[in-house]
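Listing of work-v4.tsv, TSV, N, CA and C atoms
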```
chain	number	residue	atom	x	y	z
A	283	MET	N	0.84	-1.18	0.00
A	283	MET	CA	0.00	0.00	0.00
A	283	MET	C	0.89	1.25	0.00
A	284	GLY	N	0.30	2.38	-0.35
A	284	GLY	CA	1.04	3.62	-0.25
A	284	GLY	C	1.28	4.34	-1.56
A	285	THR	N	0.96	3.73	-2.71
A	285	THR	CA	1.14	4.44	-3.98
A	285	THR	C	-0.04	5.37	-4.20
A	286	ASN	N	0.05	6.24	-5.20
A	286	ASN	CA	-1.04	7.17	-5.49
A	286	ASN	C	-2.36	6.44	-5.74
A	287	VAL	N	-2.31	5.37	-6.50
A	287	VAL	CA	-3.53	4.62	-6.79
A	287	VAL	C	-4.11	4.06	-5.49
A	288	GLU	N	-3.24	3.56	-4.64
A	288	GLU	CA	-3.69	2.91	-3.42
A	288	GLU	C	-4.19	3.90	-2.38
A	289	THR	N	-3.69	5.12	-2.37
A	289	THR	CA	-4.13	6.10	-1.38
A	289	THR	C	-5.28	6.96	-1.89
A	290	ARG	N	-5.55	6.92	-3.18
A	290	ARG	CA	-6.59	7.78	-3.76
A	290	ARG	C	-7.95	7.55	-3.12
A	291	PHE	N	-8.35	6.29	-2.98
A	291	PHE	CA	-9.65	6.01	-2.38
A	291	PHE	C	-9.71	6.54	-0.96
A	292	GLY	N	-8.68	6.27	-0.18
A	292	GLY	CA	-8.65	6.72	1.21
A	292	GLY	C	-8.73	8.23	1.33
A	293	GLU	N	-8.00	8.92	0.47
A	293	GLU	CA	-8.05	10.39	0.47
A	293	GLU	C	-9.46	10.87	0.11
A	294	MET	N	-10.06	10.22	-0.87
A	294	MET	CA	-11.40	10.59	-1.29
A	294	MET	C	-12.40	10.37	-0.15
A	295	LEU	N	-12.29	9.22	0.51
A	295	LEU	CA	-13.17	8.91	1.63
A	295	LEU	C	-13.01	9.96	2.73
A	296	PHE	N	-11.77	10.28	3.07
A	296	PHE	CA	-11.51	11.29	4.11
A	296	PHE	C	-12.11	12.65	3.72
A	297	GLU	N	-11.86	13.07	2.47
A	297	GLU	CA	-12.36	14.38	2.03
A	297	GLU	C	-13.88	14.44	2.02
A	298	LEU	N	-14.51	13.37	1.57
A	298	LEU	CA	-15.98	13.34	1.57
A	298	LEU	C	-16.53	13.37	3.00
A	299	ARG	N	-15.91	12.62	3.88
A	299	ARG	CA	-16.35	12.59	5.28
A	299	ARG	C	-16.15	13.96	5.93
A	300	ALA	N	-14.98	14.57	5.69
A	300	ALA	CA	-14.68	15.88	6.26
A	300	ALA	C	-15.64	16.95	5.71
A	301	SER	N	-15.98	16.84	4.43
A	301	SER	CA	-16.89	17.83	3.84
A	301	SER	C	-18.29	17.75	4.45
A	302	LYS	N	-18.64	16.59	5.00
A	302	LYS	CA	-19.92	16.42	5.69
A	302	LYS	C	-19.79	16.79	7.18
A	303	ARG	N	-18.57	17.22	7.57
A	303	ARG	CA	-18.27	17.55	8.98
A	303	ARG	C	-18.65	16.37	9.90
A	304	MET	N	-18.27	15.19	9.43
A	304	MET	CA	-18.59	13.97	10.15
A	304	MET	C	-17.30	13.41	10.75
A	305	SER	N	-17.32	13.14	12.03
A	305	SER	CA	-16.13	12.57	12.66
A	305	SER	C	-15.97	11.12	12.20
A	306	LEU	N	-14.77	10.61	12.41
A	306	LEU	CA	-14.49	9.21	12.07
A	306	LEU	C	-15.45	8.29	12.82
A	307	ARG	N	-15.63	8.53	14.10
A	307	ARG	CA	-16.52	7.68	14.91
A	307	ARG	C	-17.97	7.77	14.43
A	308	GLU	N	-18.43	8.98	14.09
A	308	GLU	CA	-19.81	9.14	13.59
A	308	GLU	C	-20.00	8.34	12.30
A	309	PHE	N	-19.04	8.47	11.39
A	309	PHE	CA	-19.13	7.74	10.12
A	309	PHE	C	-19.17	6.24	10.38
A	310	CYS	N	-18.27	5.77	11.23
A	310	CYS	CA	-18.18	4.33	11.49
A	310	CYS	C	-19.45	3.78	12.15
A	311	ARG	N	-20.03	4.56	13.06
A	311	ARG	CA	-21.31	4.14	13.66
A	311	ARG	C	-22.39	4.04	12.59
A	312	ALA	N	-22.40	5.02	11.69
A	312	ALA	CA	-23.44	5.06	10.64
A	312	ALA	C	-23.33	3.90	9.66
A	313	VAL	N	-22.09	3.47	9.36
A	313	VAL	CA	-21.92	2.37	8.40
A	313	VAL	C	-21.72	1.03	9.09
A	314	GLY	N	-21.54	1.05	10.41
A	314	GLY	CA	-21.43	-0.19	11.18
A	314	GLY	C	-20.10	-0.91	11.04
A	315	VAL	N	-19.00	-0.14	11.01
A	315	VAL	CA	-17.67	-0.73	10.94
A	315	VAL	C	-16.77	-0.15	12.03
A	316	ASP	N	-15.67	-0.83	12.29
A	316	ASP	CA	-14.72	-0.40	13.29
A	316	ASP	C	-13.93	0.82	12.81
A	317	SER	N	-13.76	1.80	13.68
A	317	SER	CA	-13.08	3.03	13.29
A	317	SER	C	-11.62	2.82	12.92
A	318	SER	N	-10.98	1.83	13.52
A	318	SER	CA	-9.56	1.60	13.18
A	318	SER	C	-9.42	1.14	11.72
A	319	ASN	N	-10.39	0.38	11.24
A	319	ASN	CA	-10.34	-0.07	9.84
A	319	ASN	C	-10.52	1.10	8.88
A	320	ILE	N	-11.47	1.98	9.17
A	320	ILE	CA	-11.70	3.13	8.29
A	320	ILE	C	-10.49	4.07	8.35
A	321	SER	N	-9.93	4.24	9.51
A	321	SER	CA	-8.73	5.08	9.64
A	321	SER	C	-7.60	4.54	8.77
A	322	LYS	N	-7.42	3.23	8.79
A	322	LYS	CA	-6.38	2.60	7.97
A	322	LYS	C	-6.67	2.78	6.47
A	323	ILE	N	-7.94	2.68	6.10
A	323	ILE	CA	-8.32	2.87	4.69
A	323	ILE	C	-8.01	4.31	4.29
A	324	GLU	N	-8.39	5.26	5.12
A	324	GLU	CA	-8.17	6.67	4.80
A	324	GLU	C	-6.68	7.01	4.68
A	325	ARG	N	-5.85	6.31	5.42
A	325	ARG	CA	-4.40	6.56	5.36
A	325	ARG	C	-3.69	5.68	4.33
A	326	GLY	N	-4.44	4.88	3.58
A	326	GLY	CA	-3.85	4.04	2.55
A	326	GLY	C	-3.12	2.82	3.09
A	327	LYS	N	-3.43	2.45	4.33
A	327	LYS	CA	-2.77	1.29	4.96
A	327	LYS	C	-3.58	0.01	4.82
A	328	LYS	N	-4.82	0.16	4.38
A	328	LYS	CA	-5.71	-0.99	4.20
A	328	LYS	C	-6.56	-0.72	2.96
A	329	LYS	N	-6.86	-1.77	2.23
A	329	LYS	CA	-7.68	-1.63	1.03
A	329	LYS	C	-9.14	-1.42	1.41
A	330	PRO	N	-9.88	-0.72	0.54
A	330	PRO	CA	-11.31	-0.55	0.80
A	330	PRO	C	-12.05	-1.88	0.61
A	331	PRO	N	-13.29	-1.94	1.05
A	331	PRO	CA	-14.05	-3.18	0.85
A	331	PRO	C	-14.20	-3.49	-0.64
A	332	GLN	N	-14.27	-4.78	-0.94
A	332	GLN	CA	-14.53	-5.20	-2.32
A	332	GLN	C	-16.03	-5.33	-2.56
A	333	ASN	N	-16.78	-5.41	-1.50
A	333	ASN	CA	-18.22	-5.61	-1.54
A	333	ASN	C	-18.91	-4.32	-1.98
A	334	LYS	N	-19.61	-4.37	-3.11
A	334	LYS	CA	-20.28	-3.19	-3.64
A	334	LYS	C	-21.34	-2.66	-2.68
A	335	GLU	N	-22.03	-3.56	-1.99
A	335	GLU	CA	-23.07	-3.13	-1.05
A	335	GLU	C	-22.46	-2.31	0.10
A	336	ALA	N	-21.29	-2.71	0.59
A	336	ALA	CA	-20.61	-1.95	1.65
A	336	ALA	C	-20.23	-0.56	1.13
A	337	LEU	N	-19.72	-0.51	-0.09
A	337	LEU	CA	-19.35	0.77	-0.68
A	337	LEU	C	-20.58	1.65	-0.89
A	338	GLN	N	-21.70	1.03	-1.26
A	338	GLN	CA	-22.94	1.79	-1.42
A	338	GLN	C	-23.40	2.37	-0.08
A	339	LYS	N	-23.22	1.61	0.99
A	339	LYS	CA	-23.57	2.11	2.33
A	339	LYS	C	-22.69	3.31	2.67
A	340	TYR	N	-21.38	3.21	2.41
A	340	TYR	CA	-20.48	4.35	2.64
A	340	TYR	C	-20.98	5.56	1.86
A	341	ALA	N	-21.28	5.34	0.57
A	341	ALA	CA	-21.71	6.43	-0.31
A	341	ALA	C	-23.03	7.04	0.16
A	342	GLU	N	-23.93	6.20	0.64
A	342	GLU	CA	-25.21	6.69	1.16
A	342	GLU	C	-24.99	7.61	2.36
A	343	VAL	N	-24.17	7.17	3.30
A	343	VAL	CA	-23.88	7.97	4.49
A	343	VAL	C	-23.16	9.27	4.11
A	344	LEU	N	-22.32	9.20	3.09
A	344	LEU	CA	-21.58	10.39	2.64
A	344	LEU	C	-22.42	11.29	1.74
A	345	GLY	N	-23.59	10.84	1.36
A	345	GLY	CA	-24.50	11.64	0.55
A	345	GLY	C	-24.15	11.71	-0.93
A	346	ILE	N	-23.44	10.70	-1.43
A	346	ILE	CA	-23.05	10.72	-2.85
A	346	ILE	C	-23.69	9.62	-3.68
A	347	LEU	N	-24.48	8.78	-3.06
A	347	LEU	CA	-25.05	7.64	-3.78
A	347	LEU	C	-25.97	8.10	-4.91
A	348	ASP	N	-26.66	9.21	-4.72
A	348	ASP	CA	-27.57	9.71	-5.76
A	348	ASP	C	-26.88	10.56	-6.80
A	349	ASP	N	-25.61	10.88	-6.60
A	349	ASP	CA	-24.84	11.66	-7.58
A	349	ASP	C	-24.03	10.66	-8.40
A	350	GLU	N	-24.54	10.33	-9.60
A	350	GLU	CA	-23.95	9.25	-10.39
A	350	GLU	C	-22.45	9.43	-10.63
A	351	LYS	N	-22.04	10.67	-10.94
A	351	LYS	CA	-20.63	10.91	-11.23
A	351	LYS	C	-19.76	10.68	-9.99
A	352	LYS	N	-20.18	11.19	-8.84
A	352	LYS	CA	-19.40	11.01	-7.60
A	352	LYS	C	-19.41	9.55	-7.17
A	353	TRP	N	-20.57	8.90	-7.28
A	353	TRP	CA	-20.65	7.48	-6.90
A	353	TRP	C	-19.73	6.64	-7.79
A	354	GLN	N	-19.78	6.91	-9.09
A	354	GLN	CA	-18.96	6.13	-10.02
A	354	GLN	C	-17.48	6.33	-9.72
A	355	GLU	N	-17.05	7.56	-9.46
A	355	GLU	CA	-15.65	7.82	-9.13
A	355	GLU	C	-15.26	7.10	-7.84
A	356	PHE	N	-16.12	7.14	-6.84
A	356	PHE	CA	-15.88	6.49	-5.55
A	356	PHE	C	-15.77	4.98	-5.73
A	357	TYR	N	-16.75	4.40	-6.42
A	357	TYR	CA	-16.79	2.96	-6.64
A	357	TYR	C	-15.61	2.49	-7.50
A	358	HIS	N	-15.35	3.17	-8.59
A	358	HIS	CA	-14.25	2.79	-9.47
A	358	HIS	C	-12.90	2.91	-8.77
A	359	SER	N	-12.75	3.94	-7.94
A	359	SER	CA	-11.51	4.10	-7.19
A	359	SER	C	-11.27	2.90	-6.27
A	360	ALA	N	-12.31	2.45	-5.59
A	360	ALA	CA	-12.19	1.26	-4.72
A	360	ALA	C	-11.85	0.03	-5.54
A	361	CYS	N	-12.47	-0.11	-6.72
A	361	CYS	CA	-12.19	-1.26	-7.59
A	361	CYS	C	-10.74	-1.26	-8.05
A	362	VAL	N	-10.21	-0.09	-8.41
A	362	VAL	CA	-8.82	0.00	-8.87
A	362	VAL	C	-7.87	-0.48	-7.78
A	363	VAL	N	-8.08	-0.01	-6.56
A	363	VAL	CA	-7.22	-0.41	-5.44
A	363	VAL	C	-7.26	-1.93	-5.25
A	364	ASN	N	-8.44	-2.50	-5.44
A	364	ASN	CA	-8.63	-3.94	-5.22
A	364	ASN	C	-8.36	-4.78	-6.47
A	365	ASN	N	-7.89	-4.14	-7.56
A	365	ASN	CA	-7.62	-4.84	-8.82
A	365	ASN	C	-8.85	-5.58	-9.34
A	366	ILE	N	-9.99	-4.91	-9.28
A	366	ILE	CA	-11.25	-5.48	-9.73
A	366	ILE	C	-11.78	-4.60	-10.86
A	367	ILE	N	-12.30	-5.23	-11.89
A	367	ILE	CA	-12.97	-4.48	-12.95
A	367	ILE	C	-14.38	-4.18	-12.46
A	368	PRO	N	-14.77	-2.91	-12.40
A	368	PRO	CA	-16.12	-2.57	-11.94
A	368	PRO	C	-17.19	-3.28	-12.77
A	369	ASP	N	-18.29	-3.62	-12.10
A	369	ASP	CA	-19.33	-4.38	-12.81
A	369	ASP	C	-20.07	-3.55	-13.85
A	370	ASP	N	-19.87	-2.23	-13.85
A	370	ASP	CA	-20.52	-1.41	-14.86
A	370	ASP	C	-19.62	-1.12	-16.06
A	371	VAL	N	-18.46	-1.77	-16.12
A	371	VAL	CA	-17.53	-1.62	-17.24
A	371	VAL	C	-17.71	-2.81	-18.18
A	372	ASN	N	-17.71	-2.54	-19.46
A	372	ASN	CA	-17.87	-3.60	-20.47
A	372	ASN	C	-16.61	-4.48	-20.46
A	373	LYS	N	-16.73	-5.63	-19.83
A	373	LYS	CA	-15.58	-6.54	-19.67
A	373	LYS	C	-15.16	-7.21	-20.98
A	374	GLU	N	-16.03	-7.22	-21.96
A	374	GLU	CA	-15.70	-7.86	-23.23
A	374	GLU	C	-14.75	-7.02	-24.08
A	375	ILE	N	-14.79	-5.72	-23.90
A	375	ILE	CA	-13.95	-4.86	-24.73
A	375	ILE	C	-12.53	-4.70	-24.15
A	376	ILE	N	-12.38	-4.96	-22.88
A	376	ILE	CA	-11.07	-4.74	-22.24
A	376	ILE	C	-9.98	-5.63	-22.85
A	377	PRO	N	-10.21	-6.93	-23.05
A	377	PRO	CA	-9.15	-7.73	-23.68
A	377	PRO	C	-8.77	-7.20	-25.06
A	378	ALA	N	-9.76	-6.76	-25.84
A	378	ALA	CA	-9.48	-6.22	-27.17
A	378	ALA	C	-8.64	-4.94	-27.06
A	379	PHE	N	-8.96	-4.12	-26.07
A	379	PHE	CA	-8.19	-2.89	-25.85
A	379	PHE	C	-6.73	-3.23	-25.54
A	380	PHE	N	-6.52	-4.18	-24.63
A	380	PHE	CA	-5.15	-4.55	-24.25
A	380	PHE	C	-4.39	-5.20	-25.40
A	381	ARG	N	-5.07	-6.01	-26.21
A	381	ARG	CA	-4.41	-6.60	-27.37
A	381	ARG	C	-3.96	-5.51	-28.34
A	382	THR	N	-4.81	-4.51	-28.53
A	382	THR	CA	-4.49	-3.39	-29.42
A	382	THR	C	-3.30	-2.60	-28.89
A	383	VAL	N	-3.32	-2.31	-27.60
A	383	VAL	CA	-2.22	-1.57	-26.98
A	383	VAL	C	-0.92	-2.37	-27.11
A	384	ALA	N	-0.99	-3.68	-26.85
A	384	ALA	CA	0.22	-4.51	-26.94
A	384	ALA	C	0.76	-4.55	-28.37
A	385	LYS	N	-0.15	-4.59	-29.33
A	385	LYS	CA	0.26	-4.65	-30.74
A	385	LYS	C	0.83	-3.32	-31.22
A	386	LYS	N	0.17	-2.22	-30.87
A	386	LYS	CA	0.59	-0.89	-31.34
A	386	LYS	C	1.76	-0.31	-30.54
A	387	LYS	N	1.91	-0.74	-29.31
A	387	LYS	CA	2.97	-0.27	-28.43
A	387	LYS	C	3.06	1.27	-28.38
A	388	PRO	N	1.98	1.93	-27.90
A	388	PRO	CA	2.00	3.39	-27.84
A	388	PRO	C	3.02	3.89	-26.82
A	389	THR	N	3.51	5.08	-27.05
A	389	THR	CA	4.45	5.72	-26.12
A	389	THR	C	3.67	6.18	-24.89
A	390	ALA	N	4.40	6.56	-23.86
A	390	ALA	CA	3.77	7.08	-22.65
A	390	ALA	C	2.94	8.32	-22.97
A	391	LYS	N	3.47	9.16	-23.84
A	391	LYS	CA	2.76	10.38	-24.22
A	391	LYS	C	1.46	10.05	-24.95
A	392	GLU	N	1.50	9.05	-25.84
A	392	GLU	CA	0.30	8.63	-26.56
A	392	GLU	C	-0.73	8.05	-25.60
A	393	LEU	N	-0.27	7.27	-24.62
A	393	LEU	CA	-1.18	6.71	-23.62
A	393	LEU	C	-1.82	7.83	-22.79
A	394	GLU	N	-1.05	8.85	-22.45
A	394	GLU	CA	-1.60	10.00	-21.72
A	394	GLU	C	-2.70	10.67	-22.53
A	395	LYS	N	-2.50	10.79	-23.84
A	395	LYS	CA	-3.53	11.38	-24.71
A	395	LYS	C	-4.80	10.53	-24.71
A	396	ILE	N	-4.63	9.20	-24.76
A	396	ILE	CA	-5.77	8.29	-24.74
A	396	ILE	C	-6.54	8.46	-23.43
A	397	ILE	N	-5.81	8.49	-22.33
A	397	ILE	CA	-6.45	8.65	-21.01
A	397	ILE	C	-7.18	9.98	-20.93
A	398	LYS	N	-6.54	11.04	-21.42
A	398	LYS	CA	-7.18	12.36	-21.42
A	398	LYS	C	-8.47	12.33	-22.25
A	399	PHE	N	-8.39	11.71	-23.41
A	399	PHE	CA	-9.58	11.59	-24.27
A	399	PHE	C	-10.70	10.83	-23.57
A	400	LEU	N	-10.36	9.72	-22.93
A	400	LEU	CA	-11.36	8.90	-22.27
A	400	LEU	C	-11.97	9.59	-21.05
A	401	ASN	N	-11.23	10.51	-20.45
A	401	ASN	CA	-11.75	11.22	-19.27
A	401	ASN	C	-12.57	12.46	-19.62
A	402	GLU	N	-12.60	12.83	-20.89
A	402	GLU	CA	-13.38	14.01	-21.29
A	402	GLU	C	-14.87	13.71	-21.14
A	403	ASP	N	-15.60	14.73	-20.71
A	403	ASP	CA	-17.06	14.58	-20.56
A	403	ASP	C	-17.77	14.80	-21.87
```
Write out the structure in this file as structure tokens.
Amino acid sequence: MGTNVETRFGEMLFELRASKRMSLREFCRAVGVDSSNISKIERGKKKPPQNKEALQKYAEVLGILDDEKKWQEFYHSACVVNNIIPDDVNKEIIPAFFRTVAKKKPTAKELEKIIKFLNED
């Protein structure tokens, strides 16, 4: 643990909780988990839950479950840390994408352009 990808979810969780002016203990009581586990997640020392229902409970308490863009970012961030493909991603196209990337061998700069393109609204 400790890389940018691994700490991103924890930072997001902390920022969302802080923006609601919710203490760690209040949040943990609301979602029914131990505060030491959430503290470790927020500090990037422990991975977030893999269970989508648990993540939905977190999002509900944080008030982002009804905001599709925030929920998707929250959920996808947890999936990335856990090396899981989110269930709302087309899993059939991913192998084709990776085969294409392996065949074309794009440069880092070209990959950055692809990522930028994919992140555009």
Counting only N, CA and C atoms, which residues in region 326-369 of chain A sit no more than 6.5 Å from region 284-308 of chain A? For each one, give the nearest pair of atoms and the distance in Å, sorted by chain then residue number, as JSON lines.
```
{"residue": "A:Gly326", "atom": "CA", "partner": "A:Thr289", "partner_atom": "CA", "distance": 4.4}
{"residue": "A:Lys327", "atom": "N", "partner": "A:Gly284", "partner_atom": "N", "distance": 6.0}
{"residue": "A:Leu344", "atom": "CA", "partner": "A:Leu298", "partner_atom": "C", "distance": 5.9}
{"residue": "A:Ser359", "atom": "C", "partner": "A:Phe291", "partner_atom": "CA", "distance": 5.2}
{"residue": "A:Ala360", "atom": "N", "partner": "A:Phe291", "partner_atom": "CA", "distance": 5.5}
{"residue": "A:Val362", "atom": "C", "partner": "A:Val287", "partner_atom": "C", "distance": 6.3}
{"residue": "A:Val363", "atom": "CA", "partner": "A:Glu288", "partner_atom": "CA", "distance": 5.3}
```
Once you have the residues from the selection above, write them out as a PDB file, in the frame of the given file, restricted to N, CA and C atoms.
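Now in selection10.pdb:
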```pdb
ATOM      1  N   GLY A 326      -4.440   4.880   3.580  1.00  0.00           N
ATOM      2  CA  GLY A 326      -3.850   4.040   2.550  1.00  0.00           C
ATOM      3  C   GLY A 326      -3.120   2.820   3.090  1.00  0.00           C
ATOM      4  N   LYS A 327      -3.430   2.450   4.330  1.00  0.00           N
ATOM      5  CA  LYS A 327      -2.770   1.290   4.960  1.00  0.00           C
ATOM      6  C   LYS A 327      -3.580   0.010   4.820  1.00  0.00           C
ATOM      7  N   LEU A 344     -22.320   9.200   3.090  1.00  0.00           N
ATOM      8  CA  LEU A 344     -21.580  10.390   2.640  1.00  0.00           C
ATOM      9  C   LEU A 344     -22.420  11.290   1.740  1.00  0.00           C
ATOM     10  N   SER A 359     -12.750   3.940  -7.940  1.00  0.00           N
ATOM     11  CA  SER A 359     -11.510   4.100  -7.190  1.00  0.00           C
ATOM     12  C   SER A 359     -11.270   2.900  -6.270  1.00  0.00           C
ATOM     13  N   ALA A 360     -12.310   2.450  -5.590  1.00  0.00           N
ATOM     14  CA  ALA A 360     -12.190   1.260  -4.720  1.00  0.00           C
ATOM     15  C   ALA A 360     -11.850   0.030  -5.540  1.00  0.00           C
ATOM     16  N   VAL A 362     -10.210  -0.090  -8.410  1.00  0.00           N
ATOM     17  CA  VAL A 362      -8.820   0.000  -8.870  1.00  0.00           C
ATOM     18  C   VAL A 362      -7.870  -0.480  -7.780  1.00  0.00           C
ATOM     19  N   VAL A 363      -8.080  -0.010  -6.560  1.00  0.00           N
ATOM     20  CA  VAL A 363      -7.220  -0.410  -5.440  1.00  0.00           C
ATOM     21  C   VAL A 363      -7.260  -1.930  -5.250  1.00  0.00           C
TER      22      VAL A 363
END
```
- [ ] Would you work out the distance separating CA of Cys361 (chain A) from CA of Ile397 (chain A), expressed in Å to one decimal?
- [x]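 A separation of 17.6 Å between them.
Of note, CA of Arg381 (chain A) and CA of Glu402 (chain A) are spaced 23.3 Å apart.
We find atom C of Phe379 (chain A) and CA of His358 (chain A) to be spaced 18.7 Å apart.
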(message) Show me, as a list in words, the residues that have an atom within 7 Å of region 311-316 of chain A when counting only N, CA and C atoms, minus same-chain residues fewer than 4 positions from it.
(response) Leu306, Arg307, Ile320, Ser321, Lys339, Tyr340 and Val343 of chain A
>> Which of chain A end up as alpha helix (DSSP H) when DSSP is run on this backbone - answer as a PyMOL selection string?
In response: chain A and resi 286-301+306-313+317-324+334-344+350-363+375-386+390-401
Review point. Which of these residues is nearest to Leu337 (chain A), using all atoms listed in the file: A:Pro388, A:Asn401, A:Phe356, A:Ile376?
Key: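 For Leu337 (chain A), the nearest of the candidates is A:Phe356.
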